[in-house]
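*Asks:* Dropping in upload-v2.txt, with compact mmCIF, C-alpha atoms.
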# COMPACT_ATOMS: atom_id res chain seq x y z
CA MET A 9 0.00 0.00 0.00
CA ALA A 10 1.30 3.43 -0.88
CA GLY A 11 2.00 5.86 1.94
CA THR A 12 0.15 9.05 2.64
CA PHE A 13 1.24 12.66 2.34
CA THR A 14 0.05 15.96 3.73
CA LEU A 15 -2.22 17.95 1.47
CA ARG A 16 -2.92 21.61 2.08
CA ILE A 17 -5.29 23.69 -0.02
CA VAL A 18 -5.11 27.44 0.55
CA THR A 19 -6.81 30.46 -1.00
CA PRO A 20 -6.22 34.16 -0.27
CA GLU A 21 -9.29 34.07 1.97
CA ARG A 22 -8.66 30.97 4.05
CA ILE A 23 -7.04 27.59 4.51
CA VAL A 24 -9.59 25.40 2.81
CA TYR A 25 -8.26 21.99 3.66
CA THR A 26 -5.45 20.28 5.56
CA GLY A 27 -5.22 16.55 5.82
CA GLU A 28 -3.44 13.31 5.02
CA THR A 29 -4.21 11.77 1.68
CA GLU A 30 -3.05 8.80 -0.36
CA SER A 31 -3.58 10.25 -3.78
CA LEU A 32 -4.44 13.46 -5.51
CA ARG A 33 -5.66 14.18 -9.00
CA ALA A 34 -5.27 17.76 -10.21
CA PRO A 35 -6.22 19.58 -13.39
CA GLY A 36 -2.78 20.67 -14.62
CA SER A 37 -2.74 23.36 -17.27
CA GLU A 38 -1.03 20.81 -19.53
CA GLY A 39 -3.43 18.05 -18.63
CA SER A 40 -4.70 16.26 -15.58
CA PHE A 41 -2.06 14.54 -13.43
CA GLY A 42 -1.87 12.46 -10.31
CA VAL A 43 0.29 12.74 -7.19
CA LEU A 44 1.13 9.91 -4.81
CA ALA A 45 3.37 9.87 -1.78
CA ARG A 46 7.11 10.43 -2.50
CA HIS A 47 6.40 12.24 -5.75
CA ALA A 48 9.40 14.17 -7.09
CA PRO A 49 9.47 17.88 -6.17
CA MET A 50 7.39 19.80 -8.67
CA VAL A 51 5.71 23.10 -9.33
CA ALA A 52 2.78 22.98 -11.75
CA ALA A 53 0.13 25.37 -12.93
CA LEU A 54 -3.49 24.37 -12.61
CA GLY A 55 -6.22 24.91 -15.12
CA VAL A 56 -9.85 25.33 -14.21
CA GLY A 57 -11.18 21.98 -13.12
CA PRO A 58 -11.92 19.63 -10.27
CA VAL A 59 -9.28 18.64 -7.73
CA GLU A 60 -9.84 15.13 -6.43
CA PHE A 61 -8.22 13.46 -3.45
CA SER A 62 -8.78 10.55 -1.14
CA GLU A 63 -9.65 10.98 2.51
CA ASP A 64 -9.94 7.89 4.70
CA GLY A 65 -10.78 5.73 1.74
CA SER A 66 -13.43 8.01 0.25
CA ARG A 67 -12.96 10.46 -2.61
CA ARG A 68 -13.51 14.17 -2.18
CA GLN A 69 -13.84 16.69 -4.95
CA MET A 70 -13.31 20.43 -5.06
CA ALA A 71 -13.89 23.05 -7.73
CA THR A 72 -10.84 25.27 -8.15
CA SER A 73 -10.36 28.14 -10.54
CA GLY A 74 -6.74 27.87 -11.51
CA GLY A 75 -3.64 28.23 -9.38
CA PHE A 76 -0.57 26.18 -8.54
CA VAL A 77 0.52 22.93 -6.99
CA GLU A 78 3.80 22.59 -5.23
CA VAL A 79 4.93 19.11 -4.37
CA SER A 80 7.88 18.95 -1.99
CA ALA A 81 9.25 16.64 0.67
CA GLU A 82 7.13 18.39 3.32
CA GLY A 83 3.92 17.70 1.45
CA THR A 84 1.73 19.05 -1.26
CA MET A 85 0.29 22.52 -1.32
CA ILE A 86 -2.41 23.74 -3.66
CA LEU A 87 -2.77 27.47 -4.16
CA ALA A 88 -5.99 28.49 -5.79
CA GLU A 89 -7.78 31.79 -6.02
CA THR A 90 -10.99 29.97 -5.19
CA ALA A 91 -11.60 26.42 -3.96
CA GLU A 92 -14.94 25.02 -2.89
CA PHE A 93 -16.34 21.64 -1.95
CA GLY A 94 -19.56 20.67 -3.66
CA ASP A 95 -21.76 21.64 -0.72
CA GLU A 96 -20.20 25.10 -0.52
CA ILE A 97 -21.02 26.02 -4.07
CA ASP A 98 -23.81 28.47 -4.72
CA VAL A 99 -25.59 26.66 -7.55
CA GLU A 100 -27.82 29.54 -8.54
CA ARG A 101 -24.88 31.90 -8.73
CA ALA A 102 -22.91 29.46 -10.87
CA GLN A 103 -25.86 28.99 -13.19
CA ALA A 104 -26.34 32.73 -13.49
CA ALA A 105 -22.62 33.11 -14.25
CA ARG A 106 -22.85 30.40 -16.89
CA ASP A 107 -25.78 32.05 -18.62
CA ARG A 108 -24.21 35.49 -18.46
CA ALA A 109 -20.94 34.19 -19.90
CA THR A 110 -22.70 32.31 -22.69
CA GLU A 111 -24.51 35.47 -23.65
CA ARG A 112 -21.34 37.56 -23.61
CA LEU A 113 -19.51 35.07 -25.80
CA ASN A 114 -21.67 36.11 -28.73
CA GLN A 115 -20.62 39.73 -28.68
CA GLN A 116 -18.01 42.22 -27.56
CA SER A 117 -14.29 42.58 -27.97
CA GLU A 118 -11.62 39.94 -27.84
CA ILE A 119 -10.62 40.56 -24.23
CA ASP A 120 -14.20 40.40 -23.06
CA ARG A 121 -14.59 37.18 -24.97
CA ALA A 122 -11.54 35.68 -23.34
CA ARG A 123 -12.89 36.67 -19.94
CA ALA A 124 -16.32 35.31 -20.71
CA GLN A 125 -14.72 32.06 -21.80
CA ALA A 126 -12.78 31.80 -18.53
CA SER A 127 -15.86 32.65 -16.54
CA LEU A 128 -17.87 30.04 -18.42
CA ALA A 129 -15.23 27.40 -17.70
CA ARG A 130 -15.34 28.24 -13.99
CA ALA A 131 -19.13 28.06 -13.87
CA ILE A 132 -19.28 24.74 -15.68
CA ASN A 133 -16.58 23.34 -13.40
CA ARG A 134 -18.51 24.39 -10.27
CA LEU A 135 -21.71 22.87 -11.57
CA SER A 136 -19.99 19.61 -12.45
CA VAL A 137 -18.51 19.33 -8.94
CA VAL A 138 -21.93 19.94 -7.40
CA GLY A 139 -23.39 17.26 -9.60
CA ALA A 140 -20.69 14.78 -8.63
CA SER A 141 -20.92 15.08 -4.85
CA MET B 3 -24.44 80.01 34.61
CA ALA B 4 -26.78 77.32 33.34
CA THR B 5 -29.91 76.51 35.25
CA LEU B 6 -30.38 73.22 37.00
CA ARG B 7 -32.86 72.06 34.37
CA GLN B 8 -30.51 72.89 31.48
CA LEU B 9 -27.68 70.99 33.17
CA ARG B 10 -29.86 67.97 33.73
CA THR B 11 -30.87 67.90 30.04
CA ARG B 12 -27.26 68.14 28.94
CA VAL B 13 -26.12 65.31 31.18
CA ALA B 14 -28.93 63.13 29.85
CA SER B 15 -28.12 63.87 26.21
CA ILE B 16 -24.39 63.28 26.70
CA GLY B 17 -25.32 60.01 28.38
CA ASN B 18 -27.20 59.04 25.22
CA ILE B 19 -24.22 59.93 23.03
CA GLN B 20 -21.99 57.88 25.30
CA ARG B 21 -24.19 54.84 24.90
CA VAL B 22 -23.98 55.17 21.11
CA THR B 23 -20.19 55.62 21.03
CA ASN B 24 -19.76 52.71 23.38
CA ALA B 25 -21.89 50.48 21.16
CA MET B 26 -19.88 51.59 18.11
CA TYR B 27 -16.70 50.83 20.02
CA MET B 28 -17.80 47.29 20.69
CA VAL B 29 -18.96 46.69 17.13
CA ALA B 30 -15.69 48.06 15.74
CA ALA B 31 -13.69 45.88 18.14
CA ALA B 32 -15.50 42.75 16.99
CA LYS B 33 -15.14 43.63 13.32
CA MET B 34 -11.49 44.44 13.78
CA ARG B 35 -10.83 41.04 15.28
CA ARG B 36 -12.45 39.43 12.27
CA ALA B 37 -10.45 41.65 9.92
CA GLN B 38 -7.24 40.66 11.72
CA GLU B 39 -8.13 37.01 11.34
CA ALA B 40 -8.63 37.60 7.62
CA ILE B 41 -5.07 38.96 7.41
CA GLU B 42 -3.83 35.88 9.24
CA SER B 43 -5.73 33.53 6.93
CA ALA B 44 -4.16 35.13 3.89
CA ARG B 45 -0.65 34.50 5.18
CA PRO B 46 -0.11 30.86 4.10
CA TYR B 47 -1.17 31.73 0.55
CA ALA B 48 1.14 34.73 0.51
CA GLU B 49 4.11 32.76 1.78
CA GLN B 50 3.62 29.96 -0.69
CA LEU B 51 3.16 32.34 -3.60
CA ASP B 52 6.40 34.02 -2.59
CA THR B 53 8.25 30.72 -2.33
CA ILE B 54 7.17 29.68 -5.81
CA LEU B 55 8.05 33.09 -7.22
CA ARG B 56 11.56 32.87 -5.78
CA ARG B 57 11.96 29.34 -7.03
CA LEU B 58 11.01 30.43 -10.53
CA GLN B 59 13.28 33.43 -10.46
CA GLY B 60 16.10 31.11 -9.45
CA SER B 61 15.66 29.01 -12.54
CA ILE B 62 15.15 31.63 -15.25
CA ASP B 63 16.55 34.98 -16.19
CA SER B 64 13.47 37.07 -15.54
CA GLY B 65 12.83 40.31 -17.35
CA GLU B 66 10.85 38.79 -20.18
CA THR B 67 7.49 38.99 -18.43
CA PRO B 68 5.84 42.29 -19.38
CA LEU B 69 4.79 43.03 -15.81
CA PHE B 70 8.44 43.36 -14.78
CA LEU B 71 9.39 45.75 -17.55
CA GLU B 72 10.32 49.31 -16.66
CA ARG B 73 9.59 51.87 -19.35
CA PRO B 74 9.55 55.67 -19.67
CA VAL B 75 6.72 56.96 -17.50
CA LYS B 76 4.17 59.07 -19.34
CA ARG B 77 1.10 58.14 -17.37
CA VAL B 78 0.81 56.89 -13.81
CA ALA B 79 -2.17 55.17 -12.24
CA VAL B 80 -2.54 55.92 -8.54
CA VAL B 81 -4.88 53.76 -6.50
CA VAL B 82 -5.91 55.28 -3.18
CA VAL B 83 -7.55 53.00 -0.64
CA THR B 84 -9.60 54.65 2.10
CA ALA B 85 -12.83 53.79 3.90
CA ASP B 86 -16.37 54.61 2.82
CA ARG B 87 -17.26 55.91 6.25
CA GLY B 88 -15.85 58.25 8.84
CA LEU B 89 -15.92 58.33 12.65
CA CYS B 90 -12.49 56.79 12.68
CA GLY B 91 -10.18 59.57 13.82
CA GLY B 92 -7.41 60.49 11.42
CA PHE B 93 -7.55 57.26 9.42
CA ASN B 94 -8.96 58.58 6.13
CA GLY B 95 -7.19 61.93 6.49
CA ASN B 96 -3.77 60.34 6.93
CA VAL B 97 -4.03 58.17 3.85
CA SER B 98 -5.58 60.97 1.77
CA ARG B 99 -2.87 63.46 2.71
CA ARG B 100 -0.16 60.94 1.91
CA ALA B 101 -1.85 60.35 -1.45
CA LEU B 102 -2.05 64.09 -2.09
CA ASN B 103 1.69 64.47 -1.47
CA GLU B 104 2.35 61.61 -3.83
CA LEU B 105 0.04 63.00 -6.52
CA GLN B 106 1.60 66.45 -6.32
CA ALA B 107 5.07 64.96 -6.71
CA ILE B 108 4.22 63.08 -9.91
CA ASP B 109 5.59 64.67 -13.04
CA ALA B 110 3.38 62.86 -15.56
CA GLU B 111 -0.22 62.39 -16.49
CA ILE B 112 -2.25 60.91 -13.67
CA ASP B 113 -5.05 58.39 -13.65
CA LEU B 114 -6.55 58.44 -10.17
CA ILE B 115 -8.51 55.42 -8.97
CA THR B 116 -10.08 55.49 -5.54
CA VAL B 117 -11.39 52.72 -3.35
CA GLY B 118 -13.69 54.16 -0.69
CA ARG B 119 -15.70 57.38 -0.73
CA LYS B 120 -13.68 59.38 1.79
CA GLY B 121 -10.45 59.52 -0.16
CA ARG B 122 -12.29 60.40 -3.35
CA ALA B 123 -14.09 63.34 -1.70
CA PHE B 124 -10.87 64.60 -0.08
CA LEU B 125 -8.87 64.51 -3.30
CA ARG B 126 -11.63 65.94 -5.45
CA SER B 127 -11.86 69.02 -3.25
CA ARG B 128 -8.12 69.48 -3.85
CA GLY B 129 -8.30 69.26 -7.61
CA PHE B 130 -7.71 65.56 -8.28
CA ASP B 131 -10.69 63.88 -9.85
CA ALA B 132 -10.88 60.11 -9.77
CA SER B 133 -11.56 58.38 -13.08
CA THR B 134 -12.89 55.33 -11.27
CA ASN B 135 -14.23 54.93 -7.77
CA HIS B 136 -14.87 51.57 -6.17
CA ALA B 137 -17.36 52.20 -3.37
CA ASP B 138 -18.81 49.68 -0.94
CA VAL B 139 -15.94 47.24 -1.44
CA PHE B 140 -15.59 46.96 2.32
CA ARG B 141 -19.23 46.25 3.02
CA GLN B 142 -18.59 42.65 2.15
CA LEU B 143 -14.92 42.21 1.54
CA GLU B 144 -14.17 39.36 -0.83
CA PHE B 145 -11.23 38.34 -2.95
CA ALA B 146 -13.22 38.78 -6.15
CA SER B 147 -13.31 42.55 -5.60
CA ALA B 148 -9.53 42.66 -5.37
CA VAL B 149 -9.27 40.60 -8.54
CA SER B 150 -11.51 42.89 -10.55
CA ILE B 151 -9.57 45.99 -9.42
CA ALA B 152 -6.22 44.32 -10.07
CA GLN B 153 -7.20 42.95 -13.46
CA GLN B 154 -8.23 46.37 -14.69
CA LEU B 155 -4.85 47.75 -13.59
CA THR B 156 -2.94 44.89 -15.16
CA ASP B 157 -4.79 45.31 -18.45
CA ASP B 158 -4.12 49.06 -18.46
CA PHE B 159 -0.45 48.41 -17.83
CA VAL B 160 0.00 45.64 -20.37
CA GLN B 161 -1.81 47.58 -23.07
CA GLY B 162 0.29 50.66 -22.42
CA ARG B 163 -2.44 52.95 -21.13
CA VAL B 164 -0.37 53.47 -18.00
CA ASP B 165 3.34 52.95 -17.42
CA LYS B 166 3.37 52.64 -13.67
CA VAL B 167 0.85 51.77 -10.97
CA LEU B 168 1.13 53.01 -7.39
CA LEU B 169 -0.95 51.79 -4.50
CA VAL B 170 -1.57 54.12 -1.54
CA TYR B 171 -3.18 52.42 1.45
CA SER B 172 -3.06 52.16 5.18
CA GLU B 173 -0.62 49.61 6.48
CA PHE B 174 -1.84 47.74 9.54
CA ARG B 175 1.10 47.65 11.93
CA SER B 176 -0.88 47.05 15.10
CA VAL B 177 -4.17 47.99 16.70
CA ALA B 178 -2.62 51.24 17.85
CA LEU B 179 -0.64 52.01 14.71
CA GLN B 180 -1.80 52.30 11.12
CA GLU B 181 0.56 54.00 8.74
CA PRO B 182 -0.09 55.30 5.24
CA ALA B 183 2.09 53.41 2.78
CA VAL B 184 2.94 53.77 -0.90
CA HIS B 185 3.67 50.58 -2.79
CA GLN B 186 4.66 50.25 -6.44
CA LEU B 187 2.33 47.64 -7.88
CA LEU B 188 3.54 47.68 -11.48
CA PRO B 189 6.07 47.18 -12.91
CA ILE B 190 6.84 44.62 -10.23
CA VAL B 191 9.98 45.37 -8.29
CA SER B 192 11.79 42.08 -8.23
CA ASN B 193 14.38 41.19 -5.67
CA GLU B 194 16.65 38.94 -7.61
CA ASP B 195 18.96 38.34 -4.66
CA GLU B 196 16.21 36.41 -2.97
CA ALA B 197 15.94 33.93 -5.80
CA SER B 198 16.40 30.42 -4.54
CA VAL B 199 17.91 27.66 -6.57
CA GLU B 200 17.76 24.84 -4.04
CA GLY B 201 16.08 21.60 -4.96
CA ASN B 202 15.58 19.85 -8.23
CA TYR B 203 12.14 20.91 -9.21
CA ILE B 204 10.08 19.73 -12.13
CA PHE B 205 8.29 22.69 -13.66
CA GLU B 206 5.14 22.20 -15.62
CA PRO B 207 4.75 24.07 -17.94
CA ASP B 208 8.28 25.52 -18.18
CA PRO B 209 9.37 28.24 -15.73
CA ASP B 210 8.80 31.11 -18.17
CA GLN B 211 5.20 30.17 -18.77
CA LEU B 212 4.66 29.47 -15.09
CA LEU B 213 5.90 32.94 -14.27
CA ASP B 214 3.48 34.42 -16.78
CA ILE B 215 0.65 32.69 -14.95
CA LEU B 216 1.93 33.46 -11.49
CA VAL B 217 2.71 37.14 -11.82
CA PRO B 218 -0.86 38.40 -12.41
CA ARG B 219 -1.92 36.39 -9.37
CA HIS B 220 0.82 38.07 -7.40
CA VAL B 221 -0.63 41.44 -8.44
CA ASN B 222 -4.14 40.32 -7.46
CA PHE B 223 -2.82 39.34 -4.09
CA GLN B 224 -1.01 42.65 -3.49
CA VAL B 225 -4.31 44.48 -4.02
CA TRP B 226 -6.07 42.00 -1.76
CA ARG B 227 -3.53 42.57 0.99
CA ALA B 228 -3.93 46.34 0.72
CA LEU B 229 -7.70 45.94 1.07
CA LEU B 230 -7.37 43.61 4.05
CA GLU B 231 -4.94 45.85 5.88
CA SER B 232 -6.99 48.97 5.20
CA ASN B 233 -10.09 47.21 6.44
CA ALA B 234 -8.46 46.12 9.69
CA GLY B 235 -6.89 49.57 10.08
CA PHE B 236 -10.23 51.29 9.64
CA PHE B 237 -11.86 49.29 12.42
CA ALA B 238 -8.84 49.70 14.69
CA ALA B 239 -8.97 53.47 14.16
CA GLN B 240 -12.71 53.54 14.70
CA MET B 241 -12.36 51.46 17.82
CA THR B 242 -9.74 53.81 19.26
CA SER B 243 -11.64 56.97 18.42
CA MET B 244 -14.94 55.62 19.77
CA ASP B 245 -13.19 54.54 22.94
CA ASN B 246 -11.84 58.08 23.34
CA ALA B 247 -15.25 59.55 22.65
CA THR B 248 -16.79 57.34 25.31
CA LYS B 249 -14.15 58.40 27.83
CA ASN B 250 -14.58 62.08 26.94
CA ALA B 251 -18.31 61.79 27.38
CA GLY B 252 -17.70 60.24 30.80
CA ASP B 253 -15.41 63.14 31.79
CA LEU B 254 -17.96 65.66 30.58
CA ILE B 255 -20.73 63.98 32.53
CA ASP B 256 -18.61 64.04 35.70
CA GLU B 257 -17.89 67.71 35.25
CA LEU B 258 -21.49 68.65 34.56
CA THR B 259 -22.70 66.55 37.47
CA ARG B 260 -20.36 68.47 39.78
CA GLU B 261 -21.66 71.74 38.41
CA MET B 262 -25.21 70.50 38.80
CA ASN B 263 -24.62 69.58 42.45
CA LYS B 264 -23.05 72.97 43.14
CA GLU B 265 -26.04 74.66 41.54
CA ARG B 266 -28.46 72.53 43.53
CA GLN B 267 -26.61 73.22 46.77
CA SER B 268 -26.64 76.96 46.27
CA SER B 269 -30.34 76.95 45.41
CA ILE B 270 -31.03 75.00 48.61
CA THR B 271 -28.96 77.51 50.59
CA LEU B 272 -30.91 80.35 49.07
CA GLU B 273 -34.23 78.71 49.88
CA LEU B 274 -33.08 78.05 53.45
CA MET B 275 -32.04 81.68 53.86
CA ASP B 276 -35.46 82.72 52.64
CA ILE B 277 -37.20 80.44 55.10
CA ILE B 278 -35.01 81.49 58.01
CA GLY B 279 -35.42 85.15 57.08
CA GLY B 280 -39.21 84.69 56.91
CA ALA B 281 -39.31 82.86 60.24
CA GLU B 282 -37.31 85.59 61.95
CA ALA B 283 -39.60 88.28 60.54
CA VAL B 284 -42.66 86.40 61.87
CA GLY B 285 -41.05 85.63 65.23
What is this structure when it is put down as structure tokens?

*Replies:*
Amino acid sequence: MAGTFTLRIVTPERIVYTGETESLRAPGSEGSFGVLARHAPMVAALGVGPVEFSEDGSRRQMATSGGFVEVSAEGTMILAETAEFGDEIDVERAQAARDRATERLNQQSEIDRARAQASLARAINRLSVVGAS
Amino acid sequence: MATLRQLRTRVASIGNIQRVTNAMYMVAAAKMRRAQEAIESARPYAEQLDTILRRLQGSIDSGETPLFLERPVKRVAVVVVTADRGLCGGFNGNVSRRALNELQAIDAEIDLITVGRKGRAFLRSRGFDASTNHADVFRQLEFASAVSIAQQLTDDFVQGRVDKVLLVYSEFRSVALQEPAVHQLLPIVSNEDEASVEGNYIFEPDPDQLLDILVPRHVNFQVWRALLESNAGFFAAQMTSMDNATKNAGDLIDELTREMNKERQSSITLELMDIIGGAEAVG
């Protein structure tokens, strides 16, 4: 059986999670990747997507909106600008954001479109995490 | 000399004011504690962001990322963070005056952005009009507000609308001490000497791209920190000034009560003299 490692998830507003986990799956900007105990030291950027990890044999999922993972000998730290468990997500707000972003995609300048796209991705990610938990 | 009735009314009304200032003191104290906790909760994120930044700087020759690039300054954006409300002693005044000094020293076009109504009003009356004002940010302080302010600034900088961004806010040193501070937000002042090269890290994507992703987040966080510290500073200042107001009201009540007693005593003496005089005349 593989060992465990310390996982910390922090945002600028709070420490979202601290605990021991056996495995972590994170949405790297270059593709999803997994982390197990004794992973080589690494710094990776995260895309918008769900972060999944094990906790006492069960899987937990969080919606994050981009950030970083640092894997070192002391443990693994996830820095995200937002991170929410399924039950913390405001479904109505996410739906409203999705609709607003979809509408904006059809118009406006390139920058606004890029922002709308990012906002759409975040909304869809939140909704998918709610659905999964 | 005020009459007994006038004195009594004044003592009662000061008593009412004292109850209000005392309530405000307690509310401010509670909110300040929460604001201080928010600063504490932001610390792990800040430290980690810093560690990664140093690690990246250790493994690349920075200078390529646009947010680090110095260029001739034609237009400066100045962001002034004050509170929306007063009753907080010199808090808004100190930051606003510091901002005014800074603005007057700038030898370029100025784009003034204010967070909080007080600073905007102060600077407008002195000839500096804000192009953008973010009001009510502190009513419910959340990271998203910092991001939207920071992103606007970053866009302006990257697209060449401004060549430098300064942040004027109140630094929270302690409950008793808040100091106005000026911080250069963009271009980012990098401290290369702090770059760390220890460890054999895998970077994904490569360090240059990582830095491009990290740096805007660093800017977001700097704005967030300024908001958090200003928020805590505001409540600390309000707490102190409301505490003083409560004490002053107490002193005033003591003084007026003494005067009231003196007045009452002398009126009793007068009445007694009347009675004695009358009794003597009868007897």

*Asks:* What lies within 12 Å of Asp64 (chain A) using only C-alpha atoms, ignoring chain neighbours under 4 positions off, as a list of chain:residue names?

*Replies:* A:Thr12, A:Gly27, A:Glu28, A:Thr29, A:Glu30, A:Ser31, A:Arg68

*Asks:* Choose the residue, out of B:Glu39, B:Asp113, B:Asp157, B:Asp214, that has the smallest atom-to-atom separation from Glu231 (chain B); count all atoms listed in the file.

*Replies:*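 For Glu231 (chain B), the nearest of the candidates is B:Glu39.
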
*Asks:* Select, from B:Arg141, B:Arg219, B:Arg266, B:His185, the residue with the minimum atom-to-atom distance to Ser73 (chain A), counting only C-alpha atoms.

*Replies:*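 Residue with the minimum atom-to-atom distance to Ser73 (chain A): B:Arg219.
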
*Asks:* Which distance in Å separates CA of Glu92 (chain A) and CA of Phe145 (chain B), to one decimal?

*Replies:*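 Separation of CA of Glu92 (chain A) and CA of Phe145 (chain B): 13.8 Å.
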
*Asks:* Just to confirm, what's the straight-line distance from CA of Ser62 (chain A) to CA of Phe93 (chain A) in Å (one decimal)?

*Replies:* 13.4 Å

*Asks:* For the contact check between chain B and chain A, emit one row per residue of chain B within 7 Å, containing the shortest atom pair and the distance in Å rounded to one decimal, counting only C-alpha atoms, chain then rising number order, as a tab-separated table.

*Replies:*
residue	atom	partner	partner_atom	distance
B:Ala40	CA	A:Glu21	CA	6.7
B:Ser43	CA	A:Arg22	CA	4.8
B:Ala44	CA	A:Pro20	CA	4.7
B:Tyr47	CA	A:Pro20	CA	5.7
B:Phe145	CA	A:Glu21	CA	6.8
B:Asn202	CA	A:Pro49	CA	6.7
B:Tyr203	CA	A:Met50	CA	4.9
B:Ile204	CA	A:Met50	CA	4.4
B:Phe205	CA	A:Val51	CA	5.1
B:Glu206	CA	A:Ala52	CA	4.6
B:Pro207	CA	A:Ala52	CA	6.6
B:Leu212	CA	A:Ala53	CA	6.5

*Asks:* Just want the 8 Å neighbourhood of Val80 (chain B), counted on all atoms listed in the file, with same-chain residues fewer than 2 positions away dropped. Output as number ranges by chain.

*Replies:* B: 78, 82, 105, 112-115, 167-170

*Asks:* Between B:Arg119, B:Arg126, B:Lys249, B:Arg175, which has the minimum distance to Phe140 (chain B) (counting all atoms listed in the file)?

*Replies:*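 Distance minimum relative to Phe140 (chain B) lands on B:Arg119.
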
*Asks:* Please indicate the distance in Å from CA of Ala239 (chain B) to CA of Leu89 (chain B), rounded to one decimal place.

*Replies:*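 CA of Leu89 (chain B) lies 8.6 Å from CA of Ala239 (chain B).
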
*Asks:* Need the shell around Arg227 (chain B): protein/DNA/RNA residues with any atom at most 9 Å away, counting all atoms listed in the file. Skip same-chain ones fewer than 2 positions apart. Format as an MDAnalysis selection string?

*Replies:* (chainID A and resid 20) or (chainID B and resid 41 44 148 222:225 229:232)

*Asks:* Of the candidates B:Gly129, B:Gly162, B:Ala79, B:Trp226, which one gets nearest to Ser147 (chain B) if we count all atoms listed in the file?

*Replies:*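 Among the listed residues, B:Trp226 lies closest to Ser147 (chain B).
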
*Asks:* Excluding Pro35 (chain A) and residues on its chain fewer than 5 positions from it, collect all residues at most 7 Å away from it, counting only C-alpha atoms, and give them as a list in words.

*Replies:*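 Selected residues are Ser40, Phe41, Leu54, Gly55, Val56, Gly57, Pro58 and Val59 of chain A.
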
*Asks:* Residues within 10 Å of Leu155 (chain B), please, as a list of chain:residue names. Count only C-alpha atoms; anything in the same chain fewer than 2 positions from it doesn't count.

*Replies:*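 Everything that qualifies: B:Ala79, B:Val80, B:Val81, B:Ile115, B:Val149, B:Ser150, B:Ile151, B:Ala152, B:Gln153, B:Asp157, B:Asp158, B:Phe159, B:Val160, B:Gln161, B:Arg163, B:Val164, B:Lys166, B:Val167, B:Leu187, B:Leu188, B:Val221, B:Asn222.
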
*Asks:* Grab the residues selected above and save them as a short mmCIF file (atom, residue, chain, number, x, y, z; two decimals), in the frame of the given file with C-alpha atoms.

*Replies:*
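Resulting contents of part08.cif:
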data_model
loop_
_atom_site.label_atom_id
_atom_site.label_comp_id
_atom_site.auth_asym_id
_atom_site.auth_seq_id
_atom_site.Cartn_x
_atom_site.Cartn_y
_atom_site.Cartn_z
CA ALA B 79 -2.17 55.17 -12.24
CA VAL B 80 -2.54 55.92 -8.54
CA VAL B 81 -4.88 53.76 -6.50
CA ILE B 115 -8.51 55.42 -8.97
CA VAL B 149 -9.27 40.60 -8.54
CA SER B 150 -11.51 42.89 -10.55
CA ILE B 151 -9.57 45.99 -9.42
CA ALA B 152 -6.22 44.32 -10.07
CA GLN B 153 -7.20 42.95 -13.46
CA ASP B 157 -4.79 45.31 -18.45
CA ASP B 158 -4.12 49.06 -18.46
CA PHE B 159 -0.45 48.41 -17.83
CA VAL B 160 0.00 45.64 -20.37
CA GLN B 161 -1.81 47.58 -23.07
CA ARG B 163 -2.44 52.95 -21.13
CA VAL B 164 -0.37 53.47 -18.00
CA LYS B 166 3.37 52.64 -13.67
CA VAL B 167 0.85 51.77 -10.97
CA LEU B 187 2.33 47.64 -7.88
CA LEU B 188 3.54 47.68 -11.48
CA VAL B 221 -0.63 41.44 -8.44
CA ASN B 222 -4.14 40.32 -7.46
#

*Asks:* Select, from B:Ala234, B:Ile16, B:Leu9, B:Ile54, the residue with the minimum atom-to-atom distance to Leu254 (chain B), counting all atoms listed in the file.

*Replies:*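 Nearest candidate to Leu254 (chain B) out of B:Ala234, B:Ile16, B:Leu9, B:Ile54: B:Ile16.
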
*Asks:* In terms of the shortest atom-to-atom distance over all atoms listed in the file, which of B:Val97, B:Val75, B:Ala251, B:Met262 is closest to Ser15 (chain B)?

*Replies:* B:Ala251
